[in-house]
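To be precise, the following lines are input-v7.pdb, and they hold PDB, C-alpha atoms.
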ATOM      1  CA  MET A   1      46.448 107.046 105.079  1.00  0.00           C
ATOM      2  CA  GLY A   2      46.181 103.635 103.386  1.00  0.00           C
ATOM      3  CA  THR A   3      47.530 100.539 105.035  1.00  0.00           C
ATOM      4  CA  ASP A   4      49.935 100.024 102.145  1.00  0.00           C
ATOM      5  CA  HIS A   5      51.647 103.369 102.724  1.00  0.00           C
ATOM      6  CA  GLN A   6      55.381 103.078 103.172  1.00  0.00           C
ATOM      7  CA  ASP A   7      57.752 105.896 104.055  1.00  0.00           C
ATOM      8  CA  PHE A   8      60.671 104.535 102.056  1.00  0.00           C
ATOM      9  CA  VAL A   9      61.368 101.512  99.849  1.00  0.00           C
ATOM     10  CA  PHE A  10      64.605 100.473  98.160  1.00  0.00           C
ATOM     11  CA  THR A  11      65.079  97.248  96.207  1.00  0.00           C
ATOM     12  CA  ALA A  12      68.092  95.776  94.407  1.00  0.00           C
ATOM     13  CA  GLU A  13      69.560  92.546  93.092  1.00  0.00           C
ATOM     14  CA  LEU A  14      73.108  91.955  94.283  1.00  0.00           C
ATOM     15  CA  THR A  15      75.572  89.852  92.296  1.00  0.00           C
ATOM     16  CA  GLU A  16      79.069  90.908  93.406  1.00  0.00           C
ATOM     17  CA  LEU A  17      80.646  91.346  96.850  1.00  0.00           C
ATOM     18  CA  ASP A  18      82.182  94.819  96.476  1.00  0.00           C
ATOM     19  CA  GLU A  19      79.344  96.265  94.442  1.00  0.00           C
ATOM     20  CA  GLY A  20      76.756  94.548  96.648  1.00  0.00           C
ATOM     21  CA  LEU A  21      78.213  96.105  99.793  1.00  0.00           C
ATOM     22  CA  ASP A  22      78.280  99.500  98.056  1.00  0.00           C
ATOM     23  CA  ILE A  23      74.578  99.131  97.230  1.00  0.00           C
ATOM     24  CA  LEU A  24      73.667  98.173 100.823  1.00  0.00           C
ATOM     25  CA  HIS A  25      75.443 101.222 102.224  1.00  0.00           C
ATOM     26  CA  ARG A  26      74.004 103.434  99.484  1.00  0.00           C
ATOM     27  CA  SER A  27      70.494 102.314 100.428  1.00  0.00           C
ATOM     28  CA  ILE A  28      71.063 103.484 104.003  1.00  0.00           C
ATOM     29  CA  GLN A  29      72.444 106.790 102.734  1.00  0.00           C
ATOM     30  CA  ARG A  30      69.351 107.232 100.534  1.00  0.00           C
ATOM     31  CA  LEU A  31      67.176 106.571 103.583  1.00  0.00           C
ATOM     32  CA  ARG A  32      69.105 109.180 105.564  1.00  0.00           C
ATOM     33  CA  GLU A  33      68.584 111.732 102.827  1.00  0.00           C
ATOM     34  CA  ALA A  34      64.909 110.836 102.338  1.00  0.00           C
ATOM     35  CA  THR A  35      64.091 111.153 106.047  1.00  0.00           C
ATOM     36  CA  GLY A  36      66.384 114.043 106.981  1.00  0.00           C
ATOM     37  CA  ARG A  37      68.526 111.925 109.303  1.00  0.00           C
ATOM     38  CA  THR A  38      72.208 112.681 109.848  1.00  0.00           C
ATOM     39  CA  GLN A  39      75.250 110.427 109.808  1.00  0.00           C
ATOM     40  CA  ASP A  40      75.145 110.518 113.633  1.00  0.00           C
ATOM     41  CA  ASP A  41      71.660 108.974 113.871  1.00  0.00           C
ATOM     42  CA  ARG A  42      72.484 106.171 116.299  1.00  0.00           C
ATOM     43  CA  ALA A  43      69.629 103.737 115.582  1.00  0.00           C
ATOM     44  CA  LEU A  44      70.289 103.909 111.848  1.00  0.00           C
ATOM     45  CA  MET A  45      74.021 103.526 112.384  1.00  0.00           C
ATOM     46  CA  LEU A  46      73.421 100.379 114.481  1.00  0.00           C
ATOM     47  CA  PHE A  47      71.102  99.034 111.781  1.00  0.00           C
ATOM     48  CA  GLU A  48      73.688  99.735 109.055  1.00  0.00           C
ATOM     49  CA  THR A  49      76.311  97.862 111.085  1.00  0.00           C
ATOM     50  CA  ALA A  50      74.035  94.807 111.351  1.00  0.00           C
ATOM     51  CA  LEU A  51      73.163  95.070 107.656  1.00  0.00           C
ATOM     52  CA  GLY A  52      76.882  95.093 106.814  1.00  0.00           C
ATOM     53  CA  GLU A  53      77.354  91.856 108.768  1.00  0.00           C
ATOM     54  CA  ILE A  54      74.430  89.938 107.296  1.00  0.00           C
ATOM     55  CA  GLY A  55      75.066  91.434 103.862  1.00  0.00           C
ATOM     56  CA  SER A  56      78.712  90.360 103.791  1.00  0.00           C
ATOM     57  CA  ASN A  57      77.761  86.830 104.949  1.00  0.00           C
ATOM     58  CA  VAL A  58      75.073  86.564 102.291  1.00  0.00           C
ATOM     59  CA  LEU A  59      77.284  87.946  99.518  1.00  0.00           C
ATOM     60  CA  THR A  60      80.217  85.737 100.522  1.00  0.00           C
ATOM     61  CA  HIS A  61      78.391  82.439 101.159  1.00  0.00           C
ATOM     62  CA  GLY A  62      75.034  82.915  99.443  1.00  0.00           C
ATOM     63  CA  ARG A  63      76.096  82.581  95.825  1.00  0.00           C
ATOM     64  CA  PRO A  64      77.531  79.080  95.397  1.00  0.00           C
ATOM     65  CA  PRO A  65      79.340  78.312  92.109  1.00  0.00           C
ATOM     66  CA  GLY A  66      76.938  77.395  89.332  1.00  0.00           C
ATOM     67  CA  ILE A  67      73.950  79.205  90.815  1.00  0.00           C
ATOM     68  CA  GLU A  68      73.113  82.369  88.929  1.00  0.00           C
ATOM     69  CA  ARG A  69      70.347  83.585  91.211  1.00  0.00           C
ATOM     70  CA  PRO A  70      71.279  87.028  92.608  1.00  0.00           C
ATOM     71  CA  VAL A  71      70.837  88.065  96.220  1.00  0.00           C
ATOM     72  CA  GLU A  72      67.519  89.902  96.471  1.00  0.00           C
ATOM     73  CA  TYR A  73      67.485  92.901  98.773  1.00  0.00           C
ATOM     74  CA  THR A  74      64.674  95.136  99.988  1.00  0.00           C
ATOM     75  CA  LEU A  75      64.825  97.947 102.554  1.00  0.00           C
ATOM     76  CA  ARG A  76      61.549  99.373 103.871  1.00  0.00           C
ATOM     77  CA  LEU A  77      60.757 102.033 106.427  1.00  0.00           C
ATOM     78  CA  ASP A  78      57.160 101.834 107.530  1.00  0.00           C
ATOM     79  CA  GLY A  79      55.750 103.713 110.480  1.00  0.00           C
ATOM     80  CA  GLY A  80      59.134 104.073 112.145  1.00  0.00           C
ATOM     81  CA  THR A  81      60.095 100.424 111.744  1.00  0.00           C
ATOM     82  CA  LEU A  82      62.986  99.668 109.417  1.00  0.00           C
ATOM     83  CA  VAL A  83      63.066  96.213 107.812  1.00  0.00           C
ATOM     84  CA  ALA A  84      65.730  94.792 105.508  1.00  0.00           C
ATOM     85  CA  SER A  85      65.057  91.534 103.656  1.00  0.00           C
ATOM     86  CA  LEU A  86      67.786  89.509 101.973  1.00  0.00           C
ATOM     87  CA  SER A  87      67.458  86.162 100.239  1.00  0.00           C
ATOM     88  CA  ASP A  88      70.322  83.991  99.045  1.00  0.00           C
ATOM     89  CA  SER A  89      71.035  80.557  97.590  1.00  0.00           C
ATOM     90  CA  GLY A  90      73.651  79.372 100.078  1.00  0.00           C
ATOM     91  CA  VAL A  91      73.509  76.280 102.265  1.00  0.00           C
ATOM     92  CA  PRO A  92      71.219  76.348 105.346  1.00  0.00           C
ATOM     93  CA  VAL A  93      72.820  78.171 108.269  1.00  0.00           C
ATOM     94  CA  HIS A  94      70.619  77.221 111.236  1.00  0.00           C
ATOM     95  CA  GLU A  95      73.541  75.945 113.300  1.00  0.00           C
ATOM     96  CA  HIS A  96      75.340  79.307 113.132  1.00  0.00           C
ATOM     97  CA  LEU A  97      72.435  81.464 114.291  1.00  0.00           C
ATOM     98  CA  SER A  98      72.969  81.161 118.036  1.00  0.00           C
ATOM     99  CA  ARG A  99      76.736  81.602 117.875  1.00  0.00           C
ATOM    100  CA  GLU A 100      78.036  83.600 120.845  1.00  0.00           C
ATOM    101  CA  MET A 101      80.614  86.390 120.706  1.00  0.00           C
ATOM    102  CA  PRO A 102      84.017  84.666 120.455  1.00  0.00           C
ATOM    103  CA  ALA A 103      87.086  85.378 122.618  1.00  0.00           C
ATOM    104  CA  HIS A 104      89.050  88.579 122.061  1.00  0.00           C
ATOM    105  CA  GLU A 105      91.880  86.893 120.163  1.00  0.00           C
ATOM    106  CA  SER A 106      89.541  85.327 117.594  1.00  0.00           C
ATOM    107  CA  GLU A 107      89.742  87.001 114.186  1.00  0.00           C
ATOM    108  CA  THR A 108      86.388  85.653 112.936  1.00  0.00           C
ATOM    109  CA  GLY A 109      82.924  84.572 114.062  1.00  0.00           C
ATOM    110  CA  ARG A 110      81.488  87.837 115.443  1.00  0.00           C
ATOM    111  CA  GLY A 111      79.099  88.807 112.661  1.00  0.00           C
ATOM    112  CA  LEU A 112      75.884  87.061 113.699  1.00  0.00           C
ATOM    113  CA  ALA A 113      76.367  87.787 117.406  1.00  0.00           C
ATOM    114  CA  MET A 114      76.857  91.468 116.549  1.00  0.00           C
ATOM    115  CA  ALA A 115      73.794  91.572 114.303  1.00  0.00           C
ATOM    116  CA  ARG A 116      71.595  89.974 116.986  1.00  0.00           C
ATOM    117  CA  SER A 117      72.728  92.572 119.539  1.00  0.00           C
ATOM    118  CA  LEU A 118      72.215  95.523 117.219  1.00  0.00           C
ATOM    119  CA  LEU A 119      68.696  94.717 115.975  1.00  0.00           C
ATOM    120  CA  ASP A 120      65.283  94.415 117.594  1.00  0.00           C
ATOM    121  CA  GLU A 121      64.761  91.246 115.585  1.00  0.00           C
ATOM    122  CA  LEU A 122      66.918  89.060 113.360  1.00  0.00           C
ATOM    123  CA  GLY A 123      64.746  86.600 111.446  1.00  0.00           C
ATOM    124  CA  TYR A 124      65.961  83.623 109.440  1.00  0.00           C
ATOM    125  CA  GLU A 125      64.060  80.933 107.581  1.00  0.00           C
ATOM    126  CA  ARG A 126      64.901  78.285 105.022  1.00  0.00           C
ATOM    127  CA  ASP A 127      62.406  78.351 102.166  1.00  0.00           C
ATOM    128  CA  GLY A 128      63.127  75.510  99.738  1.00  0.00           C
ATOM    129  CA  GLU A 129      66.650  76.167  98.474  1.00  0.00           C
ATOM    130  CA  VAL A 130      66.698  79.767  99.650  1.00  0.00           C
ATOM    131  CA  ASN A 131      67.818  81.453 102.880  1.00  0.00           C
ATOM    132  CA  LYS A 132      65.606  84.374 103.886  1.00  0.00           C
ATOM    133  CA  TRP A 133      66.892  86.988 106.321  1.00  0.00           C
ATOM    134  CA  ARG A 134      64.860  89.694 107.992  1.00  0.00           C
ATOM    135  CA  LEU A 135      66.491  92.521 109.934  1.00  0.00           C
ATOM    136  CA  VAL A 136      64.179  94.711 112.008  1.00  0.00           C
ATOM    137  CA  LYS A 137      64.800  97.846 114.056  1.00  0.00           C
ATOM    138  CA  ARG A 138      62.570 100.579 115.413  1.00  0.00           C
ATOM    139  CA  LEU A 139      64.066 103.943 114.526  1.00  0.00           C
TER     140      LEU A 139
ATOM    141  CA  MET B   1      84.840 100.511  97.177  1.00  0.00           C
ATOM    142  CA  ALA B   2      88.493  99.641  97.684  1.00  0.00           C
ATOM    143  CA  LEU B   3      90.253 100.569 100.890  1.00  0.00           C
ATOM    144  CA  ASP B   4      93.268 102.820 100.365  1.00  0.00           C
ATOM    145  CA  VAL B   5      96.004 102.568 102.977  1.00  0.00           C
ATOM    146  CA  GLU B   6      98.610 105.290 103.458  1.00  0.00           C
ATOM    147  CA  THR B   7     101.690 104.620 105.591  1.00  0.00           C
ATOM    148  CA  ARG B   8     104.038 107.223 107.008  1.00  0.00           C
ATOM    149  CA  GLN B   9     106.835 107.487 109.529  1.00  0.00           C
ATOM    150  CA  ALA B  10     106.234 109.706 112.574  1.00  0.00           C
ATOM    151  CA  GLU B  11     109.021 111.841 114.095  1.00  0.00           C
ATOM    152  CA  ASN B  12     109.464 109.397 116.999  1.00  0.00           C
ATOM    153  CA  GLY B  13     110.085 106.516 114.597  1.00  0.00           C
ATOM    154  CA  ALA B  14     106.641 104.934 114.961  1.00  0.00           C
ATOM    155  CA  THR B  15     104.694 104.029 111.847  1.00  0.00           C
ATOM    156  CA  VAL B  16     101.296 105.555 111.205  1.00  0.00           C
ATOM    157  CA  VAL B  17      99.029 103.396 109.037  1.00  0.00           C
ATOM    158  CA  ALA B  18      95.996 105.276 107.740  1.00  0.00           C
ATOM    159  CA  PRO B  19      93.277 103.279 105.968  1.00  0.00           C
ATOM    160  CA  ILE B  20      90.764 105.359 104.030  1.00  0.00           C
ATOM    161  CA  GLY B  21      87.324 103.956 103.174  1.00  0.00           C
ATOM    162  CA  ARG B  22      85.327 101.029 104.539  1.00  0.00           C
ATOM    163  CA  LEU B  23      87.305  98.511 106.596  1.00  0.00           C
ATOM    164  CA  ASP B  24      85.032  95.582 105.786  1.00  0.00           C
ATOM    165  CA  VAL B  25      85.235  92.141 104.229  1.00  0.00           C
ATOM    166  CA  ALA B  26      86.258  93.773 100.950  1.00  0.00           C
ATOM    167  CA  GLY B  27      88.744  96.228 102.472  1.00  0.00           C
ATOM    168  CA  ALA B  28      90.399  94.085 105.170  1.00  0.00           C
ATOM    169  CA  PRO B  29      93.006  92.459 102.843  1.00  0.00           C
ATOM    170  CA  ALA B  30      94.467  95.902 102.052  1.00  0.00           C
ATOM    171  CA  LEU B  31      95.069  96.611 105.755  1.00  0.00           C
ATOM    172  CA  LYS B  32      96.612  93.154 106.237  1.00  0.00           C
ATOM    173  CA  ASP B  33      98.981  93.803 103.324  1.00  0.00           C
ATOM    174  CA  ALA B  34     100.001  97.173 104.760  1.00  0.00           C
ATOM    175  CA  ILE B  35     100.674  95.699 108.229  1.00  0.00           C
ATOM    176  CA  ASN B  36     102.703  92.854 106.660  1.00  0.00           C
ATOM    177  CA  GLU B  37     104.877  95.456 104.912  1.00  0.00           C
ATOM    178  CA  VAL B  38     105.441  97.326 108.198  1.00  0.00           C
ATOM    179  CA  VAL B  39     106.374  94.291 110.330  1.00  0.00           C
ATOM    180  CA  LYS B  40     108.631  92.893 107.595  1.00  0.00           C
ATOM    181  CA  ASN B  41     111.165  95.496 108.643  1.00  0.00           C
ATOM    182  CA  GLY B  42     111.411  94.257 112.240  1.00  0.00           C
ATOM    183  CA  PRO B  43     109.792  95.115 115.599  1.00  0.00           C
ATOM    184  CA  SER B  44     107.317  97.901 115.114  1.00  0.00           C
ATOM    185  CA  LYS B  45     105.472 100.551 117.007  1.00  0.00           C
ATOM    186  CA  VAL B  46     102.371 101.247 114.978  1.00  0.00           C
ATOM    187  CA  VAL B  47      99.427 103.613 115.193  1.00  0.00           C
ATOM    188  CA  ILE B  48      96.415 102.868 113.026  1.00  0.00           C
ATOM    189  CA  ASP B  49      94.885 106.249 112.215  1.00  0.00           C
ATOM    190  CA  MET B  50      91.188 105.383 111.942  1.00  0.00           C
ATOM    191  CA  GLU B  51      89.947 108.867 111.082  1.00  0.00           C
ATOM    192  CA  GLY B  52      89.506 107.901 107.427  1.00  0.00           C
ATOM    193  CA  ILE B  53      87.585 104.692 108.191  1.00  0.00           C
ATOM    194  CA  SER B  54      83.935 105.408 107.503  1.00  0.00           C
ATOM    195  CA  PHE B  55      82.663 101.973 108.537  1.00  0.00           C
ATOM    196  CA  VAL B  56      84.020  98.792 110.074  1.00  0.00           C
ATOM    197  CA  ASP B  57      82.570  95.270 110.054  1.00  0.00           C
ATOM    198  CA  SER B  58      83.580  92.124 111.932  1.00  0.00           C
ATOM    199  CA  THR B  59      85.989  91.045 109.178  1.00  0.00           C
ATOM    200  CA  GLY B  60      87.649  94.463 109.240  1.00  0.00           C
ATOM    201  CA  LEU B  61      87.866  94.181 112.995  1.00  0.00           C
ATOM    202  CA  GLY B  62      89.443  90.738 112.533  1.00  0.00           C
ATOM    203  CA  SER B  63      92.187  92.325 110.443  1.00  0.00           C
ATOM    204  CA  VAL B  64      92.946  94.746 113.296  1.00  0.00           C
ATOM    205  CA  ILE B  65      93.106  91.819 115.764  1.00  0.00           C
ATOM    206  CA  ALA B  66      95.465  90.013 113.368  1.00  0.00           C
ATOM    207  CA  ALA B  67      97.621  93.154 113.236  1.00  0.00           C
ATOM    208  CA  LEU B  68      97.670  93.345 117.031  1.00  0.00           C
ATOM    209  CA  LYS B  69      98.800  89.732 117.367  1.00  0.00           C
ATOM    210  CA  GLN B  70     101.419  90.176 114.664  1.00  0.00           C
ATOM    211  CA  ILE B  71     102.851  93.389 116.117  1.00  0.00           C
ATOM    212  CA  ARG B  72     102.686  92.512 119.816  1.00  0.00           C
ATOM    213  CA  GLY B  73     104.134  89.102 118.972  1.00  0.00           C
ATOM    214  CA  SER B  74     107.422  90.766 118.112  1.00  0.00           C
ATOM    215  CA  GLU B  75     109.620  92.012 120.952  1.00  0.00           C
ATOM    216  CA  GLY B  76     109.026  95.702 121.564  1.00  0.00           C
ATOM    217  CA  GLY B  77     106.135  95.818 119.125  1.00  0.00           C
ATOM    218  CA  GLU B  78     103.104  97.877 120.062  1.00  0.00           C
ATOM    219  CA  LEU B  79      99.871  98.827 118.310  1.00  0.00           C
ATOM    220  CA  ARG B  80      97.577 101.715 119.172  1.00  0.00           C
ATOM    221  CA  LEU B  81      94.361 102.895 117.538  1.00  0.00           C
ATOM    222  CA  ALA B  82      93.595 106.568 117.022  1.00  0.00           C
ATOM    223  CA  ALA B  83      90.587 108.688 116.081  1.00  0.00           C
ATOM    224  CA  PRO B  84      87.880 106.039 115.542  1.00  0.00           C
ATOM    225  CA  ASN B  85      84.524 107.462 114.483  1.00  0.00           C
ATOM    226  CA  GLN B  86      81.290 106.749 116.353  1.00  0.00           C
ATOM    227  CA  GLN B  87      80.469 103.583 114.394  1.00  0.00           C
ATOM    228  CA  VAL B  88      83.933 102.110 114.952  1.00  0.00           C
ATOM    229  CA  ARG B  89      83.724 102.921 118.691  1.00  0.00           C
ATOM    230  CA  VAL B  90      80.305 101.238 118.934  1.00  0.00           C
ATOM    231  CA  VAL B  91      81.672  98.077 117.290  1.00  0.00           C
ATOM    232  CA  LEU B  92      84.719  98.041 119.587  1.00  0.00           C
ATOM    233  CA  GLU B  93      82.468  98.425 122.640  1.00  0.00           C
ATOM    234  CA  LEU B  94      79.868  95.883 121.469  1.00  0.00           C
ATOM    235  CA  THR B  95      82.556  93.253 120.992  1.00  0.00           C
ATOM    236  CA  THR B  96      84.322  94.386 124.232  1.00  0.00           C
ATOM    237  CA  LEU B  97      87.461  94.792 122.144  1.00  0.00           C
ATOM    238  CA  ASP B  98      87.796  98.301 123.567  1.00  0.00           C
ATOM    239  CA  ARG B  99      89.372  96.481 126.546  1.00  0.00           C
ATOM    240  CA  VAL B 100      92.047  95.089 124.261  1.00  0.00           C
ATOM    241  CA  PHE B 101      92.488  98.194 122.123  1.00  0.00           C
ATOM    242  CA  PRO B 102      92.632 101.338 124.192  1.00  0.00           C
ATOM    243  CA  TYR B 103      91.969 104.005 121.605  1.00  0.00           C
ATOM    244  CA  TYR B 104      93.164 107.589 121.506  1.00  0.00           C
ATOM    245  CA  ALA B 105      91.299 110.659 120.346  1.00  0.00           C
ATOM    246  CA  THR B 106      94.050 111.763 117.984  1.00  0.00           C
ATOM    247  CA  VAL B 107      97.126 110.329 116.276  1.00  0.00           C
ATOM    248  CA  GLU B 108      99.285 112.786 118.234  1.00  0.00           C
ATOM    249  CA  GLU B 109      97.949 111.409 121.548  1.00  0.00           C
ATOM    250  CA  ALA B 110      98.513 107.848 120.398  1.00  0.00           C
ATOM    251  CA  LEU B 111     102.098 108.662 119.433  1.00  0.00           C
ATOM    252  CA  THR B 112     102.868 110.218 122.817  1.00  0.00           C
ATOM    253  CA  GLY B 113     105.024 107.856 124.826  1.00  0.00           C
ATOM    254  CA  LEU B 114     104.997 105.195 122.120  1.00  0.00           C
TER     255      LEU B 114
END

Show this structure as structure tokens.
Amino acid sequence: MGTDHQDFVFTAELTELDEGLDILHRSIQRLREATGRTQDDRALMLFETALGEIGSNVLTHGRPPGIERPVEYTLRLDGGTLVASLSDSGVPVHEHLSREMPAHESETGRGLAMARSLLDELGYERDGEVNKWRLVKRL
Amino acid sequence: MALDVETRQAENGATVVAPIGRLDVAGAPALKDAINEVVKNGPSKVVIDMEGISFVDSTGLGSVIAALKQIRGSEGGELRLAAPNQQVRVVLELTTLDRVFPYYATVEEALTGL
């Protein structure tokens, strides 16, 4: 087996919120079908929940007016490790990364805290004018 | 994918609100609209039938918290959740909101004593 072997790869460019979310969920469904996993697969379900959080943040805040660059998305399964990469053109978000779970009555602010809890690793880096997200979970 | 929301009156007078689809950042406004319609008519006892919700995110959850505050804020108002799938239960537990929203296995159980 070559070192570049990957079990599953899905790539897409996302430009709209509704359609972008559909594509993210569809990619997880494709992975389920490709690997014979069911809807009840817990690790994949946790990953999809985290992907929904980061994906909705990126699609909501990552396409400022006047910037045409789409959100770039890649999902890879390699040797049992699932990695999603998303890049967007929003403002830097370093100060939000360590946000804790808010109080029960709060209607917002849970997304990043949820994603951190659900993944083995949530990576973020600012590369020039681009935010790069990396979501990692062992399946 | 738009969220469809069906609303019906149960025999005991409570209102059953049944969203169908993903209750996420794109679907949450539809649930908020449906709850606004219900509470417009006065104090309400409401069950959200979650059986048709395939996926919830933190924004969708926020719309349920908003509904809870709106409904419990009126005298005699009460909100119960019924039939959440595994993903919805995981999100409720992860956020410890299961302590705020006791959920019922079925709509019929949620309606009992409401």

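Residues matching the PyMOL selection byres ((chain B and resi 74-76) around 9) in this structure come to B:Val39, B:Gly42, B:Pro43, B:Ser44, B:Lys45, B:Lys69, B:Gln70, B:Ile71, B:Arg72, B:Gly73, B:Gly77, B:Glu78.
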
Exercise for review: With the file shown as input, list the residues that the PyMOL selection byres ((chain B) within 10 of (chain A)) selects, as an MDAnalysis selection string.
Suggested key: chainID B and resid 1:2 22 24:27 55:66 68:69 85:88 90:91 94:100

List the residues matched by the PyMOL selection byres ((chain B and resi 9) around 12) in the displayed structure as a short mmCIF file (atom, residue, chain, number, x, y, z; two decimals) with C-alpha atoms, in the frame of the given file, ordered by chain and then by residue number.
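Everything below was put into result.cif:
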data_model
loop_
_atom_site.label_atom_id
_atom_site.label_comp_id
_atom_site.auth_asym_id
_atom_site.auth_seq_id
_atom_site.Cartn_x
_atom_site.Cartn_y
_atom_site.Cartn_z
CA GLU B 6 98.61 105.29 103.46
CA THR B 7 101.69 104.62 105.59
CA ARG B 8 104.04 107.22 107.01
CA ALA B 10 106.23 109.71 112.57
CA GLU B 11 109.02 111.84 114.10
CA ASN B 12 109.46 109.40 117.00
CA GLY B 13 110.08 106.52 114.60
CA ALA B 14 106.64 104.93 114.96
CA THR B 15 104.69 104.03 111.85
CA VAL B 16 101.30 105.56 111.20
CA VAL B 17 99.03 103.40 109.04
CA ALA B 18 96.00 105.28 107.74
CA VAL B 38 105.44 97.33 108.20
CA SER B 44 107.32 97.90 115.11
CA LYS B 45 105.47 100.55 117.01
CA VAL B 46 102.37 101.25 114.98
CA VAL B 47 99.43 103.61 115.19
CA ILE B 48 96.42 102.87 113.03
CA LEU B 111 102.10 108.66 119.43
#

Practice task
Skip segment 83-98 of chain A itself and residues of its chain fewer than 3 positions away, then list as a list in words all residues within 7 Å of it, counting only C-alpha atoms.
Solution key: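 Selected residues are Val58, His61, Gly62, Arg63, Pro64, Val71, Glu72, Tyr73, Thr74, Leu75, Arg76, Leu77, Leu112, Arg126, Glu129, Val130, Asn131, Lys132, Trp133, Arg134, Leu135, Val136 and Lys137 of chain A.
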
- [ ] Grab the atom CA of Ala115 of chain A to atom CA of Leu23 of chain B distance for me, in Å with one decimal place.
- [x]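 Between atom CA of Ala115 of chain A and atom CA of Leu23 of chain B the gap is 17.0 Å.
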
Find the axis-aligned box for segment 33-49 of chain A, covering all its listed atoms and adding 5 Å on each side, and write its centre and edge lengths in Å to one decimal as lines of an AutoDock Vina configuration file.
center_x = 70.2
center_y = 106.0
center_z = 109.3
size_x = 22.2
size_y = 26.2
size_z = 24.0

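Interatomic distance, atom CA of Asp41 of chain A against atom CA of Arg26 of chain A: 15.6 Å.
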
Inset, instruction - Just give me the gap between atom CA of Leu81 of chain B and atom CA of Lys32 of chain B in Å, one decimal is fine. - result: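 Calculated distance between atom CA of Leu81 of chain B and atom CA of Lys32 of chain B is 15.1 Å.
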
Mind checking which residues fall within 10 Å of Phe8 of chain A, counting only C-alpha atoms, ignoring those fewer than 6 positions away in the same chain, and posting them as a ChimeraX atom specification? /A:30-31,34-35,75-79,82

Please rebuild segment 64-80 of chain B with N, CA and C atoms and give the result as a CSV table (one decimal), in the frame of the given file.
chain,number,residue,atom,x,y,z
B,64,VAL,N,92.3,94.0,112.3
B,64,VAL,CA,92.9,94.7,113.3
B,64,VAL,C,93.5,93.8,114.4
B,65,ILE,N,92.7,92.8,114.8
B,65,ILE,CA,93.1,91.8,115.8
B,65,ILE,C,94.3,91.1,115.3
B,66,ALA,N,94.3,90.7,114.0
B,66,ALA,CA,95.5,90.0,113.4
B,66,ALA,C,96.7,90.9,113.4
B,67,ALA,N,96.5,92.2,113.2
B,67,ALA,CA,97.6,93.2,113.2
B,67,ALA,C,98.2,93.2,114.7
B,68,LEU,N,97.3,93.3,115.6
B,68,LEU,CA,97.7,93.3,117.0
B,68,LEU,C,98.5,92.1,117.4
B,69,LYS,N,98.1,91.0,117.0
B,69,LYS,CA,98.8,89.7,117.4
B,69,LYS,C,100.2,89.7,116.7
B,70,GLN,N,100.2,90.2,115.4
B,70,GLN,CA,101.4,90.2,114.7
B,70,GLN,C,102.4,91.2,115.3
B,71,ILE,N,102.0,92.3,115.6
B,71,ILE,CA,102.9,93.4,116.1
B,71,ILE,C,103.3,93.1,117.6
B,72,ARG,N,102.3,92.8,118.4
B,72,ARG,CA,102.7,92.5,119.8
B,72,ARG,C,103.5,91.2,120.0
B,73,GLY,N,103.4,90.4,119.0
B,73,GLY,CA,104.1,89.1,119.0
B,73,GLY,C,105.6,89.3,118.8
B,74,SER,N,106.0,90.5,118.3
B,74,SER,CA,107.4,90.8,118.1
B,74,SER,C,107.9,91.6,119.3
B,75,GLU,N,109.1,91.3,119.8
B,75,GLU,CA,109.6,92.0,121.0
B,75,GLU,C,109.6,93.5,120.7
B,76,GLY,N,109.0,94.2,121.7
B,76,GLY,CA,109.0,95.7,121.6
B,76,GLY,C,107.9,96.2,120.7
B,77,GLY,N,107.2,95.4,120.0
B,77,GLY,CA,106.1,95.8,119.1
B,77,GLY,C,104.9,96.3,119.9
B,78,GLU,N,104.3,97.4,119.4
B,78,GLU,CA,103.1,97.9,120.1
B,78,GLU,C,102.2,98.5,119.0
B,79,LEU,N,100.9,98.3,119.2
B,79,LEU,CA,99.9,98.8,118.3
B,79,LEU,C,98.9,99.7,119.1
B,80,ARG,N,98.6,100.9,118.6
B,80,ARG,CA,97.6,101.7,119.2
B,80,ARG,C,96.6,102.2,118.1
